[in-house]
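Heads up: the structure comes next, in structure tokens.
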Amino acid sequence: MLSVRRRRAGTTAAATTAVLALLGAALPSMAAAGDQHGLSRFYRQKITWSACKGEGMPKDLQCGKVTVPLDYARPASGTLDVAMARYRATGTSRGSVLLDFGGPGVAGVSQLASNGKNFMSLANTHDVVAFDPRGVGRSSPVSCGTGADEGGNATGGPTGGEDTRAALERARKVAARCAGHSGPVLRHMGTIDASRDMDVMREALGEKKLDYLGFSYGTRLGAVYATQFPRKVGRFVLDGVDTLTEPLTQQGLAIAAGQQTALQDFLAWCAKDVSCPFGQDARSARQQVVRLVALLDRTPLPTVLGLPFTGQELAGALSRALFSRQLWPLLEQSLSLLVQQADPSWMVRFFGVGLAAPVPRRGNGGLADPEDVPADNLAAALMAINCADDPDRPSAERITRDIARLRSRYEQASPVFGRLRLGQVLMCYGRPRGTSFIREKVKNVRTAKMLLVGTRGDPATPYRWTLETARRLGPSAVVLDNRGEGHTGYTTSPCVHKKVDSFLLDGSLPPHGSSCGPDRSG
């Protein structure tokens, strides 16, 4: 999906890592990146907007693109296009608000198309803009090819010794397959490059400063942008705040524990309904789910795609369904079909991901057609971006030595999600070492005030990450404590929604440490 106008010399993993390291060291001084030699042409773009094409696209949604360098260190070596979409302000526009929906790996254009109603309050006075980050959606999408879901479960239940070595070999093969199916964009997939793309978008949108609303991983992206371009930060909201310091191993533990808590909350709710497939005893329901995961791992069910629905597939589907309390009724129905009729079709249809992965057609750096976006793009992009952002690459010997202890800790954190999240230990094995810039340099930012929203019952980004990131970013960070449930707060809490809108639209910032109570409407 990339321009072929590039030199082939110096593209080994070692050379790529060296370039990233040098690039990272220079990042804090990039506020005037558009003035650097070779980049000015990218900062002179104007976006051509037109009606979005494709099935299900809202008539009032407009699509466009910007062109960015494949490699910011060598801007003449190739380009790629970044897909964008916007809802125009219904009144006189006072500017744009750029959204990122997280993941990493979530395509912003399709999310804005399907969830635009959540942002119409912003569209009264602002253009609401989203984008597919590089390697995601229509922006030169990466893929790992058929069977890539192995990458998410590369541990395969190792307990040490030979099993662990076999899992490491599978992880290495997954990494090689991802590189083979994704092309050169894979080497430039980290948050550092995506942040620089955002600054090109800012200029193309005609904004002196960027107003931004980032969810989940989008908070990491926003924090990196604030470090790279502090003078370009306008009104920034980071909702569902990601960690900037914890290694993937620790992140996996935190997420497993958070998802276990969210599952227990769901089962307590489910047990109050006579239709709950696990009965009316919440404790028994928790035990039944653990047994169901183990049973499906031993005896998977077939799916219409011809691929097995395992216990780890169920754990992955549950993790996605628990993001929002609004999904609980649908999850209950899907589980009833699975438990009572051994039919996983609803779990796959509504909450599955990565069970099919057609190989994308290669292009020349232009936008991919929607039908050419590979089904495994989200999973492939998530691995690529997280690994590009993580400098840790433990040796095979260390992983083999530590895996039994780590597995015990993961399963203690969650008997349902522990094994699934243990895959993060191996996720980056066989890939080039990522940058240390985020851990070492993203701190004490000198920007305008930024609003950080943390949700107490968030299953994916623990509330403590909000507090830790706020302390790390320094006095610019203002925390809003959402005492509700679910992943992020803007679309689920009317109180959070109102406070965020007041800040983005009028600059009215709530006091640091203020809170929103739990929403009991659901």
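Please note that chains go A, B, ... in the order of the structure tokens, that every chain numbers its residues from 1, and that ligands are numbered from 1 in the order shown.
Neighbouring residues of stretch 286-301 of chain A at 9 Å or closer, counting only C-alpha atoms and skipping chain neighbours under 5 positions away, are Leu263, Gln264, Leu267, Phe278, Asp281, Leu307, Pro308, Phe309, Thr310, Gly311, Gln312, Glu313, Leu314, Ala315, Val339, Ala342, Asp343, Pro344, Pro415 and Val416 of chain A.
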Which residues of stretch 171-282 of chain A sit at most 12 Å from stretch 62-73 of chain A, using only C-alpha atoms? Give each one's shortest atom pair and distance in Å (one decimal place), in chain and ascending residue order, as a tab-separated table.
residue	atom	partner	partner_atom	distance
A:Gly183	CA	A:Leu70	CA	11.3
A:Pro184	CA	A:Leu70	CA	8.3
A:Val185	CA	A:Leu70	CA	6.8
A:Leu186	CA	A:Leu70	CA	10.0
A:Arg187	CA	A:Asp71	CA	8.9
A:His188	CA	A:Asp71	CA	6.7
A:Met189	CA	A:Leu70	CA	9.4
A:Gly190	CA	A:Asp71	CA	11.3
A:Ile192	CA	A:Tyr72	CA	10.0
A:Asp193	CA	A:Tyr72	CA	7.5
A:Ala194	CA	A:Val68	CA	9.8
A:Ser195	CA	A:Tyr72	CA	11.3
A:Arg196	CA	A:Tyr72	CA	8.3
A:Asp197	CA	A:Val68	CA	6.4
A:Met198	CA	A:Val68	CA	9.7
A:Asp199	CA	A:Val68	CA	10.2
A:Val200	CA	A:Val68	CA	7.4
A:Met201	CA	A:Val66	CA	6.8
A:Arg202	CA	A:Val66	CA	10.3
A:Glu203	CA	A:Val66	CA	10.3
A:Ala204	CA	A:Val66	CA	7.6
A:Leu205	CA	A:Val66	CA	9.9
Contact residues around stretch 215-222 of chain A with only C-alpha atoms at 9 Å, ignoring same-chain residues under 6 positions, as a PyMOL selection string | chain A and resi 99-105+191-192+194-195+236-244+438+452+460-461+487-488+490
Would you mind exporting C-alpha atoms of the selected residues as a compact mmCIF listing (two decimals), in the first residue's frame?
# COMPACT_ATOMS: atom_id res chain seq x y z
CA LEU A 99 -10.67 12.38 17.44
CA ASP A 100 -8.74 9.17 17.97
CA PHE A 101 -10.75 6.12 19.06
CA GLY A 102 -7.89 4.09 20.49
CA GLY A 103 -7.00 0.44 20.11
CA PRO A 104 -4.33 0.84 19.06
CA GLY A 105 -5.58 -0.21 15.67
CA THR A 191 3.00 6.36 18.07
CA ILE A 192 5.90 8.69 17.35
CA ALA A 194 1.38 8.75 14.12
CA SER A 195 1.81 11.85 16.27
CA PHE A 236 -6.73 18.33 24.78
CA VAL A 237 -8.96 15.71 26.41
CA LEU A 238 -7.55 12.27 27.22
CA ASP A 239 -10.32 9.81 28.18
CA GLY A 240 -9.48 6.31 29.46
CA VAL A 241 -5.88 7.17 30.18
CA ASP A 242 -3.17 4.75 29.07
CA THR A 243 0.06 4.08 30.95
CA LEU A 244 3.24 5.73 29.75
CA ILE A 438 7.65 7.30 25.57
CA LEU A 452 -7.60 13.65 31.79
CA ALA A 460 -9.02 -1.77 30.12
CA THR A 461 -7.32 1.33 31.50
CA HIS A 487 -14.14 1.79 29.22
CA THR A 488 -13.86 5.60 28.94
CA TYR A 490 -17.48 10.50 27.34
Filtered DSSP result for stretch 100-256 of chain A, state strand (DSSP E or B), as a PyMOL selection string | chain A and resi 100+127-131+210-215+233-239
Now that the selection is made, can you save its residues with N, CA and C atoms as a short mmCIF file (atom, residue, chain, number, x, y, z; two decimals), in the first residue's frame?
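Generated file (again-v3.cif):
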data_model
loop_
_atom_site.label_atom_id
_atom_site.label_comp_id
_atom_site.auth_asym_id
_atom_site.auth_seq_id
_atom_site.Cartn_x
_atom_site.Cartn_y
_atom_site.Cartn_z
N ASP A 100 -9.36 10.49 18.16
CA ASP A 100 -8.74 9.17 17.97
C ASP A 100 -9.46 8.20 18.90
N ASP A 127 -16.10 21.47 13.41
CA ASP A 127 -15.98 20.29 12.55
C ASP A 127 -15.42 19.15 13.41
N VAL A 128 -16.04 17.99 13.32
CA VAL A 128 -15.59 16.82 14.08
C VAL A 128 -14.87 15.89 13.11
N VAL A 129 -13.59 15.65 13.36
CA VAL A 129 -12.72 14.99 12.39
C VAL A 129 -12.12 13.73 13.02
N ALA A 130 -12.06 12.66 12.23
CA ALA A 130 -11.39 11.43 12.65
C ALA A 130 -10.50 10.95 11.52
N PHE A 131 -9.64 9.98 11.83
CA PHE A 131 -8.69 9.50 10.83
C PHE A 131 -8.34 8.04 11.10
N LEU A 210 -3.99 22.47 17.91
CA LEU A 210 -4.84 21.30 17.72
C LEU A 210 -5.74 21.09 18.92
N ASP A 211 -7.04 21.00 18.68
CA ASP A 211 -8.00 20.56 19.69
C ASP A 211 -8.25 19.08 19.47
N TYR A 212 -8.24 18.30 20.55
CA TYR A 212 -8.13 16.85 20.40
C TYR A 212 -8.89 16.12 21.49
N LEU A 213 -9.57 15.04 21.10
CA LEU A 213 -10.24 14.15 22.04
C LEU A 213 -9.78 12.72 21.73
N GLY A 214 -8.97 12.16 22.62
CA GLY A 214 -8.41 10.83 22.41
C GLY A 214 -8.91 9.85 23.45
N PHE A 215 -9.29 8.66 23.00
CA PHE A 215 -9.80 7.62 23.88
C PHE A 215 -8.79 6.48 24.00
N VAL A 233 -0.41 22.51 21.12
CA VAL A 233 -1.50 21.91 21.89
C VAL A 233 -2.56 22.97 22.19
N GLY A 234 -3.79 22.69 21.76
CA GLY A 234 -4.92 23.54 22.09
C GLY A 234 -5.66 22.98 23.29
N ARG A 235 -6.91 22.58 23.08
CA ARG A 235 -7.69 21.96 24.15
C ARG A 235 -7.62 20.44 23.96
N PHE A 236 -6.95 19.78 24.86
CA PHE A 236 -6.73 18.33 24.78
C PHE A 236 -7.53 17.63 25.87
N VAL A 237 -8.26 16.58 25.47
CA VAL A 237 -8.96 15.71 26.41
C VAL A 237 -8.48 14.28 26.19
N LEU A 238 -8.02 13.65 27.25
CA LEU A 238 -7.55 12.27 27.22
C LEU A 238 -8.48 11.45 28.10
N ASP A 239 -9.26 10.55 27.49
CA ASP A 239 -10.32 9.81 28.18
C ASP A 239 -10.01 8.31 28.17
#
Can you list, as a compact mmCIF listing (two decimals) with N, CA and C atoms, in the first residue's frame, all residues belonging to stretch 229-456 of chain A that DSSP tags as helix (DSSP H, G or I)?
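Saved result, selection_29.txt, follows:
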# COMPACT_ATOMS: atom_id res chain seq x y z
N PRO A 230 4.60 20.84 21.88
CA PRO A 230 3.91 21.47 23.03
C PRO A 230 3.25 22.80 22.69
N ARG A 231 3.83 23.55 21.77
CA ARG A 231 3.25 24.85 21.43
C ARG A 231 2.05 24.74 20.51
N LYS A 232 1.79 23.57 20.01
CA LYS A 232 0.66 23.35 19.11
C LYS A 232 -0.54 22.74 19.82
N LEU A 248 4.78 -4.11 28.83
CA LEU A 248 3.62 -4.87 28.39
C LEU A 248 3.24 -5.96 29.37
N THR A 249 4.23 -6.56 30.02
CA THR A 249 3.94 -7.61 30.99
C THR A 249 3.08 -7.10 32.13
N GLN A 250 3.41 -5.92 32.65
CA GLN A 250 2.63 -5.34 33.73
C GLN A 250 1.28 -4.82 33.24
N GLN A 251 1.24 -4.30 32.02
CA GLN A 251 -0.03 -3.87 31.46
C GLN A 251 -1.00 -5.04 31.37
N GLY A 252 -0.49 -6.19 30.91
CA GLY A 252 -1.35 -7.36 30.78
C GLY A 252 -1.95 -7.78 32.10
N LEU A 253 -1.15 -7.74 33.16
CA LEU A 253 -1.66 -8.08 34.49
C LEU A 253 -2.75 -7.11 34.93
N ALA A 254 -2.52 -5.83 34.74
CA ALA A 254 -3.50 -4.82 35.15
C ALA A 254 -4.80 -4.97 34.37
N ILE A 255 -4.70 -5.24 33.08
CA ILE A 255 -5.90 -5.38 32.26
C ILE A 255 -6.65 -6.65 32.63
N ALA A 256 -5.93 -7.75 32.87
CA ALA A 256 -6.58 -9.00 33.26
C ALA A 256 -7.39 -8.80 34.55
N ALA A 257 -6.78 -8.12 35.54
CA ALA A 257 -7.48 -7.88 36.79
C ALA A 257 -8.70 -6.99 36.59
N GLY A 258 -8.56 -5.95 35.76
CA GLY A 258 -9.69 -5.06 35.50
C GLY A 258 -10.81 -5.76 34.78
N GLN A 259 -10.47 -6.63 33.84
CA GLN A 259 -11.51 -7.35 33.11
C GLN A 259 -12.20 -8.37 34.00
N GLN A 260 -11.45 -8.99 34.92
CA GLN A 260 -12.08 -9.92 35.85
C GLN A 260 -13.11 -9.21 36.73
N THR A 261 -12.76 -8.02 37.19
CA THR A 261 -13.71 -7.24 37.99
C THR A 261 -14.94 -6.88 37.18
N ALA A 262 -14.74 -6.47 35.92
CA ALA A 262 -15.87 -6.12 35.05
C ALA A 262 -16.74 -7.34 34.79
N LEU A 263 -16.12 -8.51 34.61
CA LEU A 263 -16.89 -9.74 34.40
C LEU A 263 -17.75 -10.06 35.62
N GLN A 264 -17.16 -9.92 36.80
CA GLN A 264 -17.91 -10.19 38.02
C GLN A 264 -19.08 -9.22 38.17
N ASP A 265 -18.88 -7.97 37.78
CA ASP A 265 -19.99 -7.00 37.82
C ASP A 265 -21.09 -7.41 36.84
N PHE A 266 -20.70 -7.86 35.65
CA PHE A 266 -21.68 -8.31 34.67
C PHE A 266 -22.46 -9.53 35.18
N LEU A 267 -21.76 -10.49 35.76
CA LEU A 267 -22.42 -11.71 36.22
C LEU A 267 -23.35 -11.43 37.39
N ALA A 268 -22.98 -10.48 38.25
CA ALA A 268 -23.87 -10.07 39.33
C ALA A 268 -25.15 -9.46 38.76
N TRP A 269 -25.00 -8.68 37.72
CA TRP A 269 -26.17 -8.09 37.04
C TRP A 269 -26.99 -9.19 36.36
N CYS A 270 -26.31 -10.09 35.66
CA CYS A 270 -26.98 -11.16 34.92
C CYS A 270 -27.78 -12.07 35.86
N ALA A 282 -24.53 -15.53 41.63
CA ALA A 282 -23.39 -14.88 40.97
C ALA A 282 -22.09 -15.65 41.19
N ARG A 283 -21.91 -16.23 42.38
CA ARG A 283 -20.68 -16.97 42.64
C ARG A 283 -20.61 -18.21 41.76
N SER A 284 -21.71 -18.94 41.67
CA SER A 284 -21.76 -20.10 40.79
C SER A 284 -21.55 -19.70 39.34
N ALA A 285 -22.09 -18.54 38.95
CA ALA A 285 -21.93 -18.06 37.57
C ALA A 285 -20.46 -17.85 37.24
N ARG A 286 -19.69 -17.28 38.18
CA ARG A 286 -18.26 -17.07 37.95
C ARG A 286 -17.54 -18.39 37.73
N GLN A 287 -17.88 -19.39 38.52
CA GLN A 287 -17.26 -20.71 38.38
C GLN A 287 -17.63 -21.36 37.05
N GLN A 288 -18.87 -21.16 36.62
CA GLN A 288 -19.32 -21.74 35.35
C GLN A 288 -18.57 -21.13 34.17
N VAL A 289 -18.31 -19.85 34.23
CA VAL A 289 -17.59 -19.21 33.13
C VAL A 289 -16.16 -19.75 33.04
N VAL A 290 -15.51 -19.94 34.18
CA VAL A 290 -14.16 -20.51 34.20
C VAL A 290 -14.18 -21.91 33.57
N ARG A 291 -15.17 -22.72 33.95
CA ARG A 291 -15.27 -24.07 33.39
C ARG A 291 -15.57 -24.03 31.89
N LEU A 292 -16.38 -23.07 31.47
CA LEU A 292 -16.72 -22.97 30.05
C LEU A 292 -15.50 -22.62 29.20
N VAL A 293 -14.67 -21.71 29.69
CA VAL A 293 -13.43 -21.37 28.97
C VAL A 293 -12.54 -22.60 28.85
N ALA A 294 -12.38 -23.34 29.95
CA ALA A 294 -11.54 -24.54 29.92
C ALA A 294 -12.11 -25.59 28.98
N LEU A 295 -13.42 -25.77 28.99
CA LEU A 295 -14.06 -26.76 28.12
C LEU A 295 -13.85 -26.42 26.64
N LEU A 296 -14.02 -25.16 26.29
CA LEU A 296 -13.86 -24.75 24.89
C LEU A 296 -12.40 -24.82 24.45
N ASP A 297 -11.47 -24.64 25.37
CA ASP A 297 -10.06 -24.82 25.01
C ASP A 297 -9.77 -26.29 24.70
N ARG A 298 -10.43 -27.19 25.44
CA ARG A 298 -10.24 -28.63 25.18
C ARG A 298 -11.02 -29.08 23.97
N GLY A 311 -11.74 -21.52 24.01
CA GLY A 311 -11.92 -20.77 25.24
C GLY A 311 -11.25 -19.42 25.21
N GLN A 312 -10.11 -19.34 24.52
CA GLN A 312 -9.42 -18.06 24.41
C GLN A 312 -10.17 -17.10 23.49
N GLU A 313 -10.86 -17.64 22.47
CA GLU A 313 -11.74 -16.80 21.66
C GLU A 313 -12.87 -16.25 22.51
N LEU A 314 -13.43 -17.10 23.38
CA LEU A 314 -14.49 -16.64 24.27
C LEU A 314 -13.96 -15.55 25.21
N ALA A 315 -12.78 -15.75 25.78
CA ALA A 315 -12.21 -14.74 26.67
C ALA A 315 -12.01 -13.42 25.93
N GLY A 316 -11.53 -13.49 24.69
CA GLY A 316 -11.34 -12.28 23.91
C GLY A 316 -12.66 -11.58 23.61
N ALA A 317 -13.69 -12.36 23.28
CA ALA A 317 -15.01 -11.78 23.01
C ALA A 317 -15.58 -11.14 24.27
N LEU A 318 -15.44 -11.82 25.41
CA LEU A 318 -15.91 -11.25 26.67
C LEU A 318 -15.20 -9.93 26.98
N SER A 319 -13.90 -9.89 26.74
CA SER A 319 -13.14 -8.67 27.06
C SER A 319 -13.66 -7.49 26.27
N ARG A 320 -14.06 -7.71 25.02
CA ARG A 320 -14.58 -6.61 24.21
C ARG A 320 -16.01 -6.25 24.62
N ALA A 321 -16.82 -7.26 24.97
CA ALA A 321 -18.20 -7.00 25.36
C ALA A 321 -18.29 -6.22 26.67
N ARG A 325 -21.31 -1.05 29.62
CA ARG A 325 -22.50 -1.62 30.26
C ARG A 325 -23.66 -1.70 29.28
N GLN A 326 -23.67 -0.83 28.29
CA GLN A 326 -24.74 -0.84 27.30
C GLN A 326 -24.76 -2.13 26.48
N LEU A 327 -23.64 -2.85 26.45
CA LEU A 327 -23.56 -4.11 25.70
C LEU A 327 -24.00 -5.32 26.52
N TRP A 328 -24.25 -5.14 27.80
CA TRP A 328 -24.55 -6.28 28.66
C TRP A 328 -25.78 -7.08 28.21
N PRO A 329 -26.90 -6.46 27.85
CA PRO A 329 -28.06 -7.27 27.40
C PRO A 329 -27.73 -8.12 26.17
N LEU A 330 -26.99 -7.56 25.22
CA LEU A 330 -26.61 -8.33 24.05
C LEU A 330 -25.65 -9.45 24.41
N LEU A 331 -24.73 -9.19 25.34
CA LEU A 331 -23.81 -10.22 25.80
C LEU A 331 -24.57 -11.36 26.47
N GLU A 332 -25.56 -11.03 27.29
CA GLU A 332 -26.35 -12.07 27.95
C GLU A 332 -27.04 -12.97 26.92
N GLN A 333 -27.61 -12.38 25.90
CA GLN A 333 -28.28 -13.16 24.85
C GLN A 333 -27.28 -14.02 24.08
N SER A 334 -26.13 -13.46 23.78
CA SER A 334 -25.11 -14.19 23.04
C SER A 334 -24.59 -15.38 23.84
N LEU A 335 -24.41 -15.19 25.14
CA LEU A 335 -23.95 -16.28 26.00
C LEU A 335 -25.03 -17.35 26.17
N SER A 336 -26.29 -16.94 26.20
CA SER A 336 -27.38 -17.91 26.28
C SER A 336 -27.36 -18.84 25.07
N LEU A 337 -27.15 -18.27 23.90
CA LEU A 337 -27.07 -19.08 22.68
C LEU A 337 -25.88 -20.02 22.73
N LEU A 338 -24.76 -19.54 23.25
CA LEU A 338 -23.56 -20.37 23.36
C LEU A 338 -23.74 -21.50 24.36
N VAL A 339 -24.27 -21.19 25.54
CA VAL A 339 -24.38 -22.17 26.62
C VAL A 339 -25.49 -23.17 26.36
N GLN A 340 -26.63 -22.69 25.90
CA GLN A 340 -27.81 -23.55 25.79
C GLN A 340 -27.88 -24.32 24.47
N GLN A 341 -27.26 -23.76 23.41
CA GLN A 341 -27.35 -24.42 22.11
C GLN A 341 -25.99 -24.71 21.49
N SER A 345 -22.26 -18.31 17.32
CA SER A 345 -22.38 -17.37 16.19
C SER A 345 -22.57 -15.93 16.64
N TRP A 346 -23.36 -15.70 17.70
CA TRP A 346 -23.55 -14.32 18.15
C TRP A 346 -22.29 -13.78 18.82
N MET A 347 -21.60 -14.63 19.56
CA MET A 347 -20.35 -14.18 20.17
C MET A 347 -19.35 -13.78 19.10
N VAL A 348 -19.28 -14.54 18.01
CA VAL A 348 -18.36 -14.21 16.91
C VAL A 348 -18.83 -12.97 16.17
N ARG A 349 -20.12 -12.92 15.90
CA ARG A 349 -20.66 -11.82 15.08
C ARG A 349 -20.52 -10.47 15.76
N PHE A 350 -20.84 -10.42 17.06
CA PHE A 350 -20.89 -9.13 17.75
C PHE A 350 -19.59 -8.78 18.48
N PHE A 351 -18.86 -9.79 18.92
CA PHE A 351 -17.71 -9.51 19.78
C PHE A 351 -16.42 -10.17 19.31
N PRO A 370 -12.27 0.00 0.97
CA PRO A 370 -12.79 -0.60 2.21
C PRO A 370 -12.82 -2.13 2.17
N GLU A 371 -13.15 -2.69 1.02
CA GLU A 371 -13.22 -4.15 0.93
C GLU A 371 -11.85 -4.82 0.96
N ASP A 372 -10.79 -4.05 0.80
CA ASP A 372 -9.44 -4.61 0.83
C ASP A 372 -8.78 -4.51 2.21
N ASN A 377 -6.80 -6.69 10.56
CA ASN A 377 -6.05 -5.43 10.63
C ASN A 377 -5.97 -4.88 12.04
N LEU A 378 -7.07 -4.93 12.80
CA LEU A 378 -7.05 -4.41 14.16
C LEU A 378 -6.03 -5.15 15.02
N ALA A 379 -6.06 -6.49 14.97
CA ALA A 379 -5.12 -7.27 15.78
C ALA A 379 -3.69 -7.06 15.33
N ALA A 380 -3.48 -7.01 14.01
CA ALA A 380 -2.12 -6.83 13.48
C ALA A 380 -1.57 -5.46 13.83
N ALA A 381 -2.42 -4.42 13.72
CA ALA A 381 -1.98 -3.07 14.03
C ALA A 381 -1.72 -2.90 15.53
N LEU A 382 -2.58 -3.52 16.35
CA LEU A 382 -2.37 -3.44 17.80
C LEU A 382 -1.00 -3.99 18.18
N MET A 383 -0.65 -5.16 17.64
CA MET A 383 0.66 -5.73 17.94
C MET A 383 1.77 -4.83 17.43
N ALA A 384 1.63 -4.34 16.19
CA ALA A 384 2.70 -3.54 15.58
C ALA A 384 2.96 -2.26 16.36
N ILE A 385 1.90 -1.56 16.76
CA ILE A 385 2.06 -0.28 17.43
C ILE A 385 2.57 -0.47 18.85
N ASN A 386 1.98 -1.42 19.58
CA ASN A 386 2.45 -1.65 20.94
C ASN A 386 3.91 -2.09 20.98
N CYS A 387 4.30 -2.90 20.01
CA CYS A 387 5.69 -3.36 19.99
C CYS A 387 6.64 -2.24 19.56
N ALA A 388 6.20 -1.38 18.65
CA ALA A 388 7.04 -0.24 18.26
C ALA A 388 7.24 0.73 19.41
N ALA A 396 14.93 -15.40 24.87
CA ALA A 396 14.18 -16.65 24.97
C ALA A 396 14.48 -17.35 26.29
N GLU A 397 15.73 -17.27 26.72
CA GLU A 397 16.10 -17.93 27.98
C GLU A 397 15.36 -17.29 29.17
N ARG A 398 15.28 -15.98 29.18
CA ARG A 398 14.60 -15.32 30.29
C ARG A 398 13.11 -15.63 30.27
N ILE A 399 12.49 -15.60 29.09
CA ILE A 399 11.06 -15.91 29.01
C ILE A 399 10.80 -17.33 29.47
N THR A 400 11.62 -18.26 29.02
CA THR A 400 11.45 -19.66 29.42
C THR A 400 11.59 -19.82 30.93
N ARG A 401 12.51 -19.08 31.51
CA ARG A 401 12.73 -19.15 32.94
C ARG A 401 11.57 -18.54 33.73
N ASP A 402 10.96 -17.48 33.19
CA ASP A 402 9.98 -16.71 33.95
C ASP A 402 8.53 -17.11 33.69
N ILE A 403 8.27 -17.89 32.63
CA ILE A 403 6.90 -18.05 32.17
C ILE A 403 6.00 -18.71 33.20
N ALA A 404 6.48 -19.72 33.94
CA ALA A 404 5.64 -20.39 34.92
C ALA A 404 5.21 -19.42 36.02
N ARG A 405 6.15 -18.60 36.50
CA ARG A 405 5.83 -17.61 37.52
C ARG A 405 4.84 -16.58 36.99
N LEU A 406 5.07 -16.12 35.76
CA LEU A 406 4.18 -15.13 35.17
C LEU A 406 2.79 -15.70 34.95
N ARG A 407 2.73 -16.95 34.51
CA ARG A 407 1.41 -17.54 34.27
C ARG A 407 0.63 -17.65 35.57
N SER A 408 1.31 -18.01 36.64
CA SER A 408 0.64 -18.09 37.94
C SER A 408 0.09 -16.73 38.34
N ARG A 409 0.86 -15.66 38.13
CA ARG A 409 0.40 -14.32 38.47
C ARG A 409 -0.78 -13.90 37.61
N TYR A 410 -0.73 -14.22 36.33
CA TYR A 410 -1.82 -13.85 35.43
C TYR A 410 -3.09 -14.60 35.80
N GLU A 411 -2.98 -15.89 36.07
CA GLU A 411 -4.17 -16.67 36.41
C GLU A 411 -4.72 -16.28 37.77
N GLN A 412 -3.86 -15.82 38.66
CA GLN A 412 -4.34 -15.30 39.94
C GLN A 412 -5.09 -13.99 39.73
N ALA A 413 -4.60 -13.18 38.82
CA ALA A 413 -5.29 -11.92 38.52
C ALA A 413 -6.65 -12.18 37.88
N GLY A 418 -6.62 -14.46 32.28
CA GLY A 418 -5.19 -14.53 32.55
C GLY A 418 -4.39 -15.12 31.41
N ARG A 419 -4.80 -16.27 30.89
CA ARG A 419 -4.04 -16.90 29.83
C ARG A 419 -4.05 -16.05 28.56
N LEU A 420 -5.20 -15.45 28.25
CA LEU A 420 -5.29 -14.58 27.07
C LEU A 420 -4.30 -13.43 27.18
N ARG A 421 -4.27 -12.77 28.33
CA ARG A 421 -3.40 -11.62 28.50
C ARG A 421 -1.94 -12.02 28.64
N LEU A 422 -1.68 -13.26 29.03
CA LEU A 422 -0.30 -13.73 29.10
C LEU A 422 0.38 -13.69 27.73
N GLY A 423 -0.43 -13.69 26.67
CA GLY A 423 0.13 -13.56 25.32
C GLY A 423 0.95 -12.31 25.12
N GLN A 424 0.71 -11.27 25.97
CA GLN A 424 1.49 -10.04 25.84
C GLN A 424 2.96 -10.26 26.17
N VAL A 425 3.25 -11.31 26.95
CA VAL A 425 4.63 -11.61 27.27
C VAL A 425 5.41 -11.96 26.01
N PHE A 437 11.43 6.21 23.88
CA PHE A 437 11.09 7.63 23.97
C PHE A 437 9.89 7.87 24.90
N ILE A 438 8.86 7.05 24.79
CA ILE A 438 7.65 7.30 25.57
C ILE A 438 7.93 7.16 27.05
N ARG A 439 8.63 6.12 27.43
CA ARG A 439 8.95 5.91 28.85
C ARG A 439 9.87 6.99 29.41
N GLU A 440 10.82 7.42 28.60
CA GLU A 440 11.87 8.29 29.12
C GLU A 440 11.60 9.78 28.91
N LYS A 441 10.89 10.14 27.85
CA LYS A 441 10.79 11.55 27.48
C LYS A 441 9.39 12.15 27.64
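With distances restricted to only C-alpha atoms, A:Cys516 is the closest residue to A:Lys498 from A:Cys516, A:Thr447, A:Leu39, A:Pro511.
Pairwise distance (atom CA of A:Pro518, atom CA of A:Arg483) equals 5.0 Å.
The shell of residues at most 12 Å from A:Ser514, with only C-alpha atoms counted and near chain neighbours (fewer than 6 positions) removed, consists of A:Leu451, A:Leu452, A:Val453, A:Gly454, A:Val478, A:Val479, A:Leu480, A:Asp481, A:Asn482, A:Arg483, A:Cys495, A:Val496, A:Lys499.
For the residues A:Gly279, A:Pro141, A:Pro302, A:Thr435, ranking by smallest atom-to-atom distance to A:Asp376 using only C-alpha atoms places A:Pro141 first.
The closest residue to A:Phe229, picked from A:Val442, A:Ala89, A:Ala271, A:Thr48 and counting only C-alpha atoms, is A:Val442.
For the set A:Asp60, A:Asp390, A:Glu207, A:Asp369, the residue with the smallest atom-to-atom gap to A:Ala123 is A:Asp60, counting only C-alpha atoms.
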Out of A:Trp465, A:Pro394, A:Ala223, A:Ser414, which residue has the shortest atom-to-atom distance to A:Asn444 when counting only C-alpha atoms?
-> A:Ala223
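Atom to atom, atom CA of A:Ser508 and atom CA of A:Ser476 stand 14.7 Å apart.
Distances from A:Leu473, A:Val304, A:Leu80, A:Val500 to A:Val224 were compared using only C-alpha atoms, and the smallest one belongs to A:Leu473.
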